[in-house]
Protein chains: 2
Amino acid sequence: MKNKVITIARQYGSGGREIGEKLAKKLHIPFHDKNIIERIVKEKGYSPEILEQFDERKSQSLLFSLAMNSYGNWYANDDYRPLQAAILKAQADVIKIMALNPCVIIGRAADSILDSDECISIFVKASDENRIDRIMKRQGCSEAEAEKAMKSTDKDRARFYQYYSDKKWGSAKTYDITVDSGVLGIDKTVELLMFYMNLLEK
Amino acid sequence: MKNKVITIARQYGSGGREIGEKLAKKLHIPFHDKNIIERIVKEKGYSPEILEQFDERKSQSLLFSLAMNSYGNWYANDDYRPLQAAILKAQADVIKIMALNPCVIIGRAADSILDSDECISIFVKASDENRIDRIMKRQGCSEAEAEKAMKSTDKDRARFYQYYSDKKWGSAKTYDITVDSGVLGIDKTVELLMFYMNLLEK
């Protein structure tokens with residue numbers, strides 16, 4: 001039986017984060033998301049040693065990107081390559097340490113950083129219509145803006161995943177289970193995943 | 001709530017067929033697989049009218065391919081294009097008729113032939129190791145032969161799917177739920193899918 005480390009990858013707007021939070025709560029285990037990167041930058045102190053290689057503007061725009069959780073292209077930009085490698089390596093290290101204990105980790109290519117027998121890997125998706133609707137409600141934006149954000153964020157997530165892995169983000173092959181949260185709704189998706197987890201333990 | 005038409009696409013050697021049979025049995029609904037093609041050829045009588053356009057050898061090799069369920073390249077071969085179109089159209093028609101009543105349909109791109117709200121679309125996968133092991137046991141063949149069959153059959157299935165659909169065979173995006181039968185085992189995968197079906201009805 002796998003250690004109860006649950007990784008959740010998700011299409012933007014699919015509610016994967018909310019599902020992860022609810023799972024963690026039901027399982028009484030910690031929930032980790034973008035604070036991973038903040039921990040790396042803050043606790044592991046990469047800023048002073050490495051950031052000095054870069055001029056202030058570049059560093060600031062990078063830190064801004066990190067803080068805003070908008071990967072954009074920074075990790076594919078030659079100017080940032082050494083910094084990128086250091087940060088992504090540190091991020092992978094933090095994920096590996098987190099995974100020593102049961103937890104839920106959202107995004108960050110965690111399933112590809114961990115061995116497949118170290119985690120239960122989940123992918124959450126929903127139809128474009130369903131996601132656009134959710135994004136509009138959450139951000140209070142127009143349909144066109146929601147669609148644009150959806151497409152570009154998914155592209156970024158797939159690209160980010162490719163940095164770590166030969167496997168494909170969003171391919172059924174990559175995960176233990178994938179589920180459409182739009183068909184089931186958030187709470188029933190949580191219920192299904194709890195049932196799945198119990199089956200694994202039986 | 002969706003009509004209980006369940007389509008199962010599956011990686012070769014993942015046990016998807018066995019899972020489909022068990023689901024159909026538990027749900028007391030019919031199970032359809034490659035006999036679909038046989039029905040088309042036999043009941044809809046495409047052979048006399050259309051096959052006469054082709055010389056005997058070509059027809060025979062095609063019928064042999066169909067009978068052997070080895071799609072190979074016949075549907076991508078220019079010589080067979082008119083016949084191909086007729087047979088695939090007939091196949092789609094049969095699937096649509098079948099889907100008027102609850103049933104389980106294995107493969108045949110059924111999920112892309114039906115509207116997404118007409119069926120519950122499932123994809124079954126497993127690790128390569130797991131599948132090679134299953135194929136070796138089932139066929140009594142060598143590891144190398146099992147690996148070759150696994151890769152070529154998956155390629156054929158993906159290519160066949162592409163004939164009908166813009167969606168991608170094996171992408172989480174394409175299905176309502178995908179599951180690794182190697183992680184859970186066949187019976188627990190059936191149990192999970194039964195639970196899923198019940199959640200959809202609640």
# chains A, B, ... in the order shown; residues from 1 in each chain; ligands from 1
$ interface_residues --of "chain B" --to "chain A" --cutoff "6 Å" --atoms "only C-alpha atoms" --output "PDB file with C-alpha atoms, in the first residue's frame"
ATOM      1  CA  GLY B 170      -5.818   8.285 -23.782  1.00  0.00           C
ATOM      2  CA  SER B 171      -5.986  11.946 -22.736  1.00  0.00           C
ATOM      3  CA  ALA B 172      -7.699  12.565 -19.397  1.00  0.00           C
ATOM      4  CA  ASP B 176     -15.318  11.186 -17.558  1.00  0.00           C
ATOM      5  CA  ILE B 177     -12.979   8.999 -15.530  1.00  0.00           C
ATOM      6  CA  THR B 178      -9.728   7.134 -16.140  1.00  0.00           C
ATOM      7  CA  VAL B 179      -8.260   4.559 -13.803  1.00  0.00           C
ATOM      8  CA  ASP B 180      -5.115   2.465 -13.430  1.00  0.00           C
TER       9      ASP B 180
END
$ select_by_dssp --residues "stretch 87-168 of chain B" --states "strand (DSSP E or B)" --output "ChimeraX atom specification"
/B:103-106,120-125
$ write_last_selection --atoms "N, CA, C and O atoms" --output "compact mmCIF listing (two decimals), in the first residue's frame"
# COMPACT_ATOMS: atom_id res chain seq x y z
N CYS B 103 -26.11 -0.13 -21.86
CA CYS B 103 -25.19 -1.20 -22.26
C CYS B 103 -23.75 -0.77 -21.98
O CYS B 103 -23.50 0.39 -21.65
N VAL B 104 -22.84 -1.72 -22.08
CA VAL B 104 -21.41 -1.41 -22.01
C VAL B 104 -20.84 -1.66 -23.40
O VAL B 104 -21.06 -2.71 -23.99
N ILE B 105 -20.13 -0.66 -23.94
CA ILE B 105 -19.50 -0.82 -25.25
C ILE B 105 -17.98 -0.68 -25.08
O ILE B 105 -17.50 0.31 -24.53
N ILE B 106 -17.27 -1.69 -25.54
CA ILE B 106 -15.81 -1.69 -25.42
C ILE B 106 -15.18 -1.17 -26.71
O ILE B 106 -15.50 -1.66 -27.79
N ILE B 120 -21.33 7.41 -20.31
CA ILE B 120 -20.32 7.56 -19.27
C ILE B 120 -19.05 7.00 -19.87
O ILE B 120 -18.98 5.80 -20.18
N SER B 121 -18.06 7.86 -20.07
CA SER B 121 -16.87 7.41 -20.79
C SER B 121 -15.73 7.11 -19.84
O SER B 121 -15.33 7.95 -19.03
N ILE B 122 -15.23 5.89 -19.95
CA ILE B 122 -14.20 5.38 -19.05
C ILE B 122 -12.97 5.00 -19.87
O ILE B 122 -13.09 4.48 -20.97
N PHE B 123 -11.80 5.26 -19.31
CA PHE B 123 -10.56 4.78 -19.92
C PHE B 123 -9.79 3.98 -18.88
O PHE B 123 -9.61 4.44 -17.76
N VAL B 124 -9.38 2.78 -19.25
CA VAL B 124 -8.63 1.93 -18.33
C VAL B 124 -7.18 1.82 -18.80
O VAL B 124 -6.93 1.58 -19.98
N LYS B 125 -6.26 2.05 -17.90
CA LYS B 125 -4.84 1.95 -18.23
C LYS B 125 -4.12 1.17 -17.13
O LYS B 125 -4.71 0.86 -16.08
$ atom_distance --atom1 "atom CA of B:Gly15" --atom2 "atom CA of B:Phe31"
14.8 Å
$ atom_distance --atom1 "atom CA of A:Arg131" --atom2 "atom CA of A:Arg10"
11.2 Å
